[in-house]
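Have a look at final.cif; it's mmCIF, C-alpha atoms and all ligand atoms:
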```
data_coords
loop_
_atom_site.label_atom_id
_atom_site.label_comp_id
_atom_site.auth_asym_id
_atom_site.auth_seq_id
_atom_site.Cartn_x
_atom_site.Cartn_y
_atom_site.Cartn_z
CA MET V 118 14.86 11.24 7.28
CA LEU V 119 13.87 13.93 4.83
CA ARG V 120 11.12 11.68 3.62
CA LEU V 121 9.70 11.24 7.11
CA ARG V 122 9.89 14.97 7.63
CA SER V 123 8.07 15.58 4.38
CA PHE V 124 5.23 13.36 5.40
CA LEU V 125 5.03 14.74 8.91
CA CYS V 126 4.92 18.15 7.30
CA LEU V 127 2.11 17.07 5.05
CA LEU V 128 0.25 15.95 8.11
CA GLY V 129 0.73 19.49 9.35
CA ILE V 130 2.89 18.42 12.25
CA LEU V 131 6.38 19.76 11.64
CA CYS V 132 6.76 22.09 8.70
CA LEU V 133 5.11 24.99 10.45
CA VAL V 134 8.18 25.25 12.63
CA ASP V 135 10.75 24.91 9.88
CA PRO V 136 10.00 26.40 6.47
CA ALA V 137 13.05 24.66 4.99
CA TRP V 138 11.04 21.44 4.96
CA ALA V 139 8.38 23.04 2.86
CA VAL V 140 11.05 23.72 0.23
CA ASP V 141 11.95 20.06 0.32
CA ILE V 142 8.34 19.18 -0.39
CA ALA V 143 8.15 21.50 -3.35
CA ALA V 144 11.19 19.75 -4.83
CA ASP V 145 9.79 16.28 -4.32
CA PRO V 146 7.17 15.31 -6.91
CA PHE V 147 5.71 12.55 -4.73
CA ALA V 148 5.37 14.62 -1.58
CA GLY V 149 4.01 17.43 -3.76
CA ALA V 150 1.33 15.09 -5.13
CA ILE V 151 -0.25 14.66 -1.70
CA GLN V 152 -1.38 18.28 -1.69
CA LEU V 153 -3.02 18.24 -5.12
CA LYS V 154 -6.57 17.42 -6.10
CA SER V 155 -6.80 14.32 -8.30
CA ASP V 156 -8.27 14.30 -11.80
CA VAL V 157 -9.72 10.80 -11.66
CA ALA V 158 -10.51 10.53 -15.40
CA ASN V 159 -6.94 11.39 -16.32
CA GLY V 160 -5.70 9.01 -13.60
CA LYS V 161 -7.70 6.20 -15.18
CA ALA V 162 -6.21 6.81 -18.63
CA GLU V 163 -2.68 7.04 -17.24
CA PHE V 164 -3.17 3.91 -15.15
CA GLN V 165 -4.25 1.96 -18.24
CA ARG V 166 -1.23 3.23 -20.13
CA ARG V 167 1.44 2.76 -17.48
CA CYS V 168 0.34 0.25 -14.88
CA ALA V 169 -2.40 -2.08 -16.16
CA GLN V 170 -0.07 -4.50 -17.93
CA CYS V 171 1.10 -5.69 -14.51
CA HIS V 172 -1.62 -4.72 -12.02
CA GLY V 173 -4.50 -5.62 -14.36
CA GLU V 174 -7.04 -3.46 -16.20
CA ASN V 175 -9.27 -3.16 -13.15
CA ALA V 176 -6.28 -2.90 -10.75
CA TRP V 177 -7.17 -6.21 -9.14
CA GLY V 178 -3.60 -7.56 -9.27
CA SER V 179 -2.80 -11.19 -10.03
CA TYR V 180 -4.27 -14.15 -8.24
CA ASP V 181 -0.82 -15.61 -7.48
CA GLY V 182 0.01 -12.44 -5.54
CA GLU V 183 2.91 -11.45 -7.80
CA PHE V 184 1.13 -8.16 -8.48
CA PRO V 185 -0.87 -6.66 -5.60
CA GLN V 186 -4.40 -5.40 -5.98
CA LEU V 187 -4.28 -1.59 -5.99
CA ALA V 188 -8.03 -1.00 -6.31
CA GLY V 189 -9.47 0.68 -3.22
CA GLN V 190 -6.10 1.46 -1.64
CA HIS V 191 -5.84 4.87 0.01
CA ARG V 192 -4.47 7.60 -2.22
CA SER V 193 -1.95 8.61 0.46
CA VAL V 194 -0.68 5.04 0.79
CA ILE V 195 -0.22 4.66 -2.99
CA ILE V 196 1.74 7.91 -3.15
CA LYS V 197 3.93 6.96 -0.18
CA GLN V 198 4.72 3.54 -1.64
CA LEU V 199 5.62 5.08 -5.01
CA ALA V 200 7.87 7.57 -3.21
CA ASP V 201 9.55 4.80 -1.23
CA ILE V 202 10.08 2.68 -4.36
CA HIS V 203 11.60 5.73 -6.08
CA GLN V 204 13.86 6.43 -3.13
CA GLY V 205 14.88 2.77 -2.86
CA THR V 206 13.65 2.19 0.68
CA ARG V 207 11.18 -0.30 -0.76
CA SER V 208 12.94 -2.54 -3.25
CA ASN V 209 10.87 -3.12 -6.39
CA PRO V 210 13.14 -3.53 -9.45
CA LYS V 211 10.24 -4.04 -11.87
CA MET V 212 8.81 -0.63 -11.05
CA ILE V 213 12.01 1.45 -11.06
CA PRO V 214 11.64 2.66 -14.68
CA ILE V 215 8.01 3.54 -14.00
CA VAL V 216 8.62 5.58 -10.87
CA ILE V 217 11.52 7.38 -12.55
CA GLN V 218 9.19 8.36 -15.39
CA LEU V 219 6.53 9.51 -12.94
CA SER V 220 9.00 11.62 -10.99
CA ASN V 221 10.28 13.22 -14.21
CA GLU V 222 6.78 14.18 -15.30
CA SER V 223 4.60 15.85 -12.71
CA SER V 224 3.13 15.74 -9.23
CA GLN V 225 -0.27 16.14 -10.85
CA LEU V 226 0.14 12.89 -12.79
CA ILE V 227 1.04 11.03 -9.58
CA ALA V 228 -1.93 12.57 -7.76
CA ASP V 229 -4.25 11.60 -10.63
CA VAL V 230 -3.23 7.94 -10.79
CA ALA V 231 -3.32 7.51 -7.00
CA GLY V 232 -6.66 9.31 -6.72
CA TYR V 233 -8.14 7.11 -9.41
CA LEU V 234 -6.99 3.90 -7.69
CA GLU V 235 -8.70 4.87 -4.44
CA THR V 236 -12.04 5.03 -6.30
CA VAL V 237 -11.79 1.68 -8.11
CA LEU V 238 -14.14 -1.09 -6.91
CA MET V 239 -12.30 -4.03 -5.38
CA ASN V 240 -11.85 -7.65 -6.44
CA PRO V 241 -14.67 -9.75 -4.95
CA GLU V 242 -12.56 -12.94 -5.24
CA PRO V 243 -9.02 -12.32 -3.99
CA GLU V 244 -6.72 -15.28 -3.47
CA ILE V 245 -7.21 -16.73 0.02
CA GLY V 246 -5.13 -19.18 2.10
CA ASP V 247 -5.86 -22.72 3.33
CA GLY V 248 -8.26 -21.69 6.11
CA ASP V 249 -6.18 -23.11 9.00
CA ASN V 250 -6.05 -21.28 12.33
CA LEU V 251 -8.34 -18.43 11.31
CA GLU V 252 -9.75 -18.04 14.81
CA VAL V 253 -6.32 -17.67 16.33
CA ALA V 254 -5.40 -15.20 13.58
CA ALA V 255 -8.56 -13.17 14.26
CA ALA V 256 -7.63 -12.84 17.94
CA VAL V 257 -4.02 -11.89 17.13
CA TYR V 258 -5.23 -9.37 14.57
CA GLU V 259 -7.56 -7.74 17.03
CA SER V 260 -4.92 -7.40 19.73
CA ARG V 261 -1.87 -6.51 17.64
CA CYS V 262 -2.94 -5.06 14.31
CA ALA V 263 -6.42 -3.55 14.35
CA GLU V 264 -5.23 -0.47 16.22
CA CYS V 265 -3.45 0.65 13.04
CA HIS V 266 -5.11 -1.25 10.16
CA GLY V 267 -8.66 -0.94 11.52
CA VAL V 268 -11.13 -3.58 12.71
CA ARG V 269 -12.03 -4.55 9.12
CA GLY V 270 -8.57 -4.00 7.63
CA GLU V 271 -9.62 -0.65 6.20
CA GLY V 272 -6.36 1.12 7.14
CA ASP V 273 -6.03 4.83 7.88
CA ALA V 274 -5.39 7.24 5.03
CA SER V 275 -4.30 10.12 7.25
CA LYS V 276 -1.54 8.04 8.87
CA PHE V 277 -0.44 6.18 5.70
CA TYR V 278 -1.60 2.84 7.18
CA PRO V 279 -2.51 0.58 4.24
CA LEU V 280 -5.91 -0.92 3.64
CA VAL V 281 -5.24 -4.66 3.95
CA GLN V 282 -8.73 -6.18 3.58
CA GLY V 283 -9.39 -8.42 0.56
CA GLN V 284 -5.78 -8.31 -0.67
CA HIS V 285 -4.30 -11.44 -2.29
CA TYR V 286 -3.04 -13.94 0.27
CA GLU V 287 0.38 -14.70 -1.25
CA TYR V 288 1.19 -11.03 -1.74
CA MET V 289 0.46 -10.27 1.91
CA LEU V 290 2.36 -13.31 3.15
CA ARG V 291 5.43 -12.23 1.17
CA GLU V 292 5.19 -8.65 2.47
CA LEU V 293 4.80 -9.83 6.07
CA GLN V 294 7.90 -12.02 5.71
CA TRP V 295 9.86 -9.14 4.16
CA LEU V 296 8.71 -6.73 6.86
CA ARG V 297 9.67 -9.21 9.59
CA ASP V 298 13.06 -10.02 8.03
CA GLY V 299 14.03 -6.42 7.28
CA GLN V 300 13.87 -6.86 3.50
CA ARG V 301 11.19 -4.20 3.15
CA LYS V 302 13.07 -1.27 4.55
CA ASN V 303 10.22 1.25 4.62
CA ALA V 304 8.65 -0.80 7.40
CA ASN V 305 6.93 0.82 10.34
CA GLN V 306 9.07 -0.28 13.31
CA GLU V 307 6.10 -0.53 15.66
CA MET V 308 4.56 -2.97 13.23
CA VAL V 309 7.79 -5.00 12.98
CA GLU V 310 7.72 -5.34 16.79
CA GLN V 311 4.35 -7.07 16.50
CA ILE V 312 5.53 -9.75 14.06
CA LYS V 313 9.26 -10.21 14.68
CA GLU V 314 8.82 -13.37 16.80
CA MET V 315 6.28 -14.97 14.45
CA ASP V 316 7.07 -17.97 12.24
CA ASP V 317 5.90 -18.36 8.64
CA ARG V 318 2.90 -20.42 9.73
CA GLN V 319 1.62 -17.64 11.98
CA LEU V 320 2.16 -15.02 9.28
CA ALA V 321 0.33 -17.25 6.78
CA SER V 322 -2.76 -17.48 8.96
CA LEU V 323 -2.76 -13.69 9.46
CA ALA V 324 -2.49 -13.12 5.69
CA ASP V 325 -5.26 -15.67 5.15
CA PHE V 326 -7.49 -13.97 7.72
CA LEU V 327 -6.97 -10.56 6.06
CA SER V 328 -7.59 -11.87 2.53
CA ARG V 329 -11.06 -12.94 3.74
CA LEU V 330 -11.95 -9.60 5.36
CA MET V 331 -14.03 -8.02 2.63
CA PRO V 332 -14.87 -4.35 2.13
CA PRO V 333 -18.53 -3.24 2.24
CA GLU V 334 -20.69 -4.47 -0.70
CA ASP V 335 -20.74 -1.09 -2.38
CA ARG V 336 -16.94 -1.10 -2.64
CA LEU V 337 -16.85 -4.46 -4.47
CA GLY V 338 -16.75 -4.96 -8.24
CA GLU V 339 -18.70 -7.57 -10.22
CA GLU V 340 -17.30 -11.12 -10.33
CA GLN V 341 -15.61 -11.88 -13.63
C1 LIG B 1 6.37 -4.21 -14.73
C2 LIG B 1 5.28 -4.50 -13.80
C3 LIG B 1 4.69 -3.33 -13.02
C4 LIG B 1 4.19 -2.13 -13.53
C5 LIG B 1 4.13 -1.68 -14.98
C6 LIG B 1 3.70 -1.40 -12.38
N1 LIG B 1 3.89 -2.12 -11.23
FE1 LIG B 1 3.33 -1.56 -9.36
N2 LIG B 1 4.10 -3.31 -8.58
C7 LIG B 1 4.67 -4.32 -9.33
C8 LIG B 1 5.08 -5.39 -8.43
C9 LIG B 1 5.76 -6.69 -8.82
C10 LIG B 1 4.71 -4.99 -7.12
C11 LIG B 1 4.89 -5.77 -5.82
C12 LIG B 1 6.29 -5.66 -5.31
C13 LIG B 1 6.45 -6.36 -3.97
O1 LIG B 1 6.29 -7.57 -3.94
O2 LIG B 1 6.69 -5.68 -2.97
C14 LIG B 1 4.11 -3.67 -7.25
C15 LIG B 1 3.66 -2.91 -6.17
C16 LIG B 1 3.04 -1.67 -6.29
C17 LIG B 1 2.58 -0.88 -5.18
C18 LIG B 1 2.65 -1.26 -3.70
C19 LIG B 1 1.31 -1.83 -3.31
C20 LIG B 1 1.09 -1.97 -1.83
O3 LIG B 1 0.04 -2.53 -1.47
O4 LIG B 1 1.94 -1.55 -1.04
C21 LIG B 1 2.02 0.25 -5.70
C22 LIG B 1 1.39 1.39 -4.92
C23 LIG B 1 2.15 0.17 -7.14
N3 LIG B 1 2.78 -1.01 -7.47
C24 LIG B 1 1.68 1.14 -8.00
C25 LIG B 1 1.88 1.12 -9.39
C26 LIG B 1 1.45 2.18 -10.28
C27 LIG B 1 0.65 3.40 -9.85
C28 LIG B 1 1.89 1.84 -11.53
C29 LIG B 1 1.80 2.65 -12.81
C30 LIG B 1 2.18 4.06 -12.72
C31 LIG B 1 2.57 0.55 -11.42
N4 LIG B 1 2.54 0.15 -10.10
C32 LIG B 1 3.14 -0.13 -12.47
C33 LIG B 1 4.85 -4.31 -10.69
C34 LIG B 1 4.49 -3.31 -11.58
C1 LIG B 2 1.87 0.84 14.41
C2 LIG B 2 0.92 0.60 13.34
C3 LIG B 2 0.88 -0.79 12.74
C4 LIG B 2 0.64 -1.98 13.38
C5 LIG B 2 0.41 -2.23 14.88
C6 LIG B 2 0.61 -2.99 12.36
N1 LIG B 2 0.85 -2.43 11.14
FE1 LIG B 2 0.88 -3.38 9.34
N2 LIG B 2 1.59 -1.71 8.44
C7 LIG B 2 1.70 -0.48 9.05
C8 LIG B 2 2.28 0.45 8.10
C9 LIG B 2 2.58 1.92 8.36
C10 LIG B 2 2.51 -0.28 6.92
C11 LIG B 2 3.13 0.25 5.62
C12 LIG B 2 4.62 0.39 5.79
C13 LIG B 2 5.15 1.09 4.60
O1 LIG B 2 5.02 2.31 4.50
O2 LIG B 2 5.58 0.39 3.68
C14 LIG B 2 2.04 -1.63 7.16
C15 LIG B 2 2.05 -2.65 6.21
C16 LIG B 2 1.39 -3.87 6.35
C17 LIG B 2 1.17 -4.85 5.30
C18 LIG B 2 1.59 -4.71 3.85
C19 LIG B 2 0.49 -4.01 3.09
C20 LIG B 2 0.78 -3.82 1.63
O3 LIG B 2 -0.17 -3.42 0.92
O4 LIG B 2 1.90 -4.03 1.18
C21 LIG B 2 0.49 -5.89 5.87
C22 LIG B 2 0.00 -7.15 5.15
C23 LIG B 2 0.32 -5.58 7.27
N3 LIG B 2 0.86 -4.34 7.54
C24 LIG B 2 -0.30 -6.40 8.20
C25 LIG B 2 -0.21 -6.21 9.58
C26 LIG B 2 -0.54 -7.21 10.58
C27 LIG B 2 -1.04 -8.62 10.26
C28 LIG B 2 -0.31 -6.64 11.80
C29 LIG B 2 -0.45 -7.27 13.18
C30 LIG B 2 0.35 -8.47 13.44
C31 LIG B 2 0.11 -5.27 11.58
N4 LIG B 2 0.19 -5.05 10.23
C32 LIG B 2 0.38 -4.34 12.59
C33 LIG B 2 1.33 -0.16 10.34
C34 LIG B 2 1.03 -1.09 11.33
#
```
Once you've parsed the file, please lay out its structure as structure tokens.
Ligand code: HEC
Ligand code: HEC
Amino acid sequence: MLRLRSFLCLLGILCLVDPAWAVDIAADPFAGAIQLKSDVANGKAEFQRRCAQCHGENAWGSYDGEFPQLAGQHRSVIIKQLADIHQGTRSNPKMIPIVIQLSNESSQLIADVAGYLETVLMNPEPEIGDGDNLEVAAAVYESRCAECHGVRGEGDASKFYPLVQGQHYEYMLRELQWLRDGQRKNANQEMVEQIKEMDDRQLASLADFLSRLMPPEDRLGEEQ
């Protein structure tokens, strides 16, 4: 609950009425990071040192979806996910030592890494699915998902809605299954409502559809 309050406060919604929540933010290195300006050059160096061995040097993740692409993701979303992993509401055993280190160091470090990731050009060749049922998926996406994730999967930084365009297919399929089944506990309940009756096949075609939604040309890196 405190976490939600912190983020509502950061959005300027609640903390004006209760200064106690502002204290909570000061004590929380992740919530504190949201308010800081990012030093992108330092963020790049720290990313290479702490994160690249799993997420890849250019933050493109792994083609099998084990490691998500982080390039291009909104700064606010990166910070929220790190906070949730640290708090345990999003289970991610591999990253526990890393988020503990981050939280013991400084809000500035967290702001720098997240700010850097938002600027990185995205993978032009993410893993995609088998291409079945894309038209159905497009219609479902438009009616049930676009309101939050945007028509082109660009997300919404101010509301912590992730950018989902051009992300690896298998990563998204796994996350959709975990969100539906309650395994990813930081889920947005309104989103869970949209997918709770869907079977794996339907989720697969949605993940496939999203993996093919590419960002604008000037946000894409060179093929490698
Ligand atoms: C030991 C490997 C490893 C390292 C090092 C690592 N990560 Fe991760 N990270 C993962 C895995 C695995 C996942 C996906 C977990 C899942 O399936 O939900 C992930 C997921 C994430 C996510 C969630 C992405 C999303 O789209 O919601 C963020 C944000 C993230 N990592 C940031 C970082 C940052 C920043 C660093 C360095 C400070 C880092 N990671 C270091 C393994 C790692
Ligand atoms: C009410 C707004 C909302 C709606 C509607 C919604 N989502 Fe989400 N979605 C979110 C939020 C918020 C998260 C991140 C939850 C968290 O903080 O971990 C998310 C997470 C995701 C993720 C994981 C992203 C990642 O990087 O790990 C995928 C994939 C996704 N949504 C796809 C969909 C699809 C497909 C639909 C439609 C069937 C949909 N969403 C509907 C708000 C929404």
Next on the checklist: To one decimal place in Å, what is the distance between atom C34 of ligand LIG 2 (chain B) and CA of Ala231 (chain V)?
Outcome noted: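 Calculated distance between atom C34 of ligand LIG 2 (chain B) and CA of Ala231 (chain V) is 20.7 Å.
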Next on the checklist: Around ligand LIG 1 (chain B), which protein and nucleic acid residues have at least one atom no more than 9 Å from it, if we count all atoms listed in the file? List them as a ChimeraX atom specification.
Outcome noted: /V:163-172,178,182-187,190,192,194-199,202,207-216,218-219,227,230-231,234,279-281,284,288-289,291-292,295,301
Item to check | For Gly248 (chain V), the nearest of the candidates V:Lys276, V:Tyr286, V:Ala162, V:Leu293, counting all atoms listed in the file | outcome: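 Of V:Lys276, V:Tyr286, V:Ala162, V:Leu293, the one nearest Gly248 (chain V) is V:Tyr286, counting all atoms listed in the file.
One distance worth recording is that between atom C21 of ligand LIG 2 (chain B) and CA of Asn250 (chain V), which is 17.9 Å.
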Item to check | atom C30 of ligand LIG 2 (chain B) to CA of Val257 (chain V), straight-line distance in Å | outcome: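 Going from CA of Val257 (chain V) over to atom C30 of ligand LIG 2 (chain B), I get 6.7 Å.
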Checklist entry - Which neighbours of region 259-261 of chain V fall inside 10 Å, counting all atoms listed in the file, when residues of the same chain fewer than 5 positions from it are skipped, and could you give them as a list in words? => result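 The residues that qualify are Ala254, His266, Gly267, Val268, Arg269, Met308, Glu310, Gln311 and Ile312 of chain V.
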Item to check | Which of V:Gly149, V:Pro243, V:Gly272, V:Gly160 sits closest to ligand LIG 2 (chain B) [using only C-alpha atoms and all ligand atoms] | outcome: V:Gly272
Next on the checklist: So, with all atoms listed in the file as the atoms that count, which of V:Glu235, V:Leu330, V:Ser322, V:His191 lies closest to Asp273 (chain V)?
Outcome noted: V:His191
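Distances here use only C-alpha atoms; by that measure, the residue among V:Glu340, V:Glu271, V:Asp335, V:Glu244 closest to Glu287 (chain V) is V:Glu244.
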Checklist entry - In terms of the shortest atom-to-atom distance over only C-alpha atoms and all ligand atoms, which of V:Ala158, V:Val309, V:Ala176, V:Met331 is closest to ligand LIG 2 (chain B)? => result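 Looking only at the distances to ligand LIG 2 (chain B), the closest residue turns out to be V:Val309.
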Item to check | Residues within 7 Å of Met239 (chain V), all atoms listed in the file, excluding chain neighbours under 3 positions, as a list in words | outcome: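 In the requested form, the answer reads Trp177, Ala188, Gly189, Arg336, Leu337 and Gly338 of chain V.
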Item to check | V:Asn305, V:Gln282, V:Thr206, V:Gln300 ranked by distance to Phe326 (chain V), top pick (using all atoms listed in the file) | outcome: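 Nearest to Phe326 (chain V): V:Gln282.
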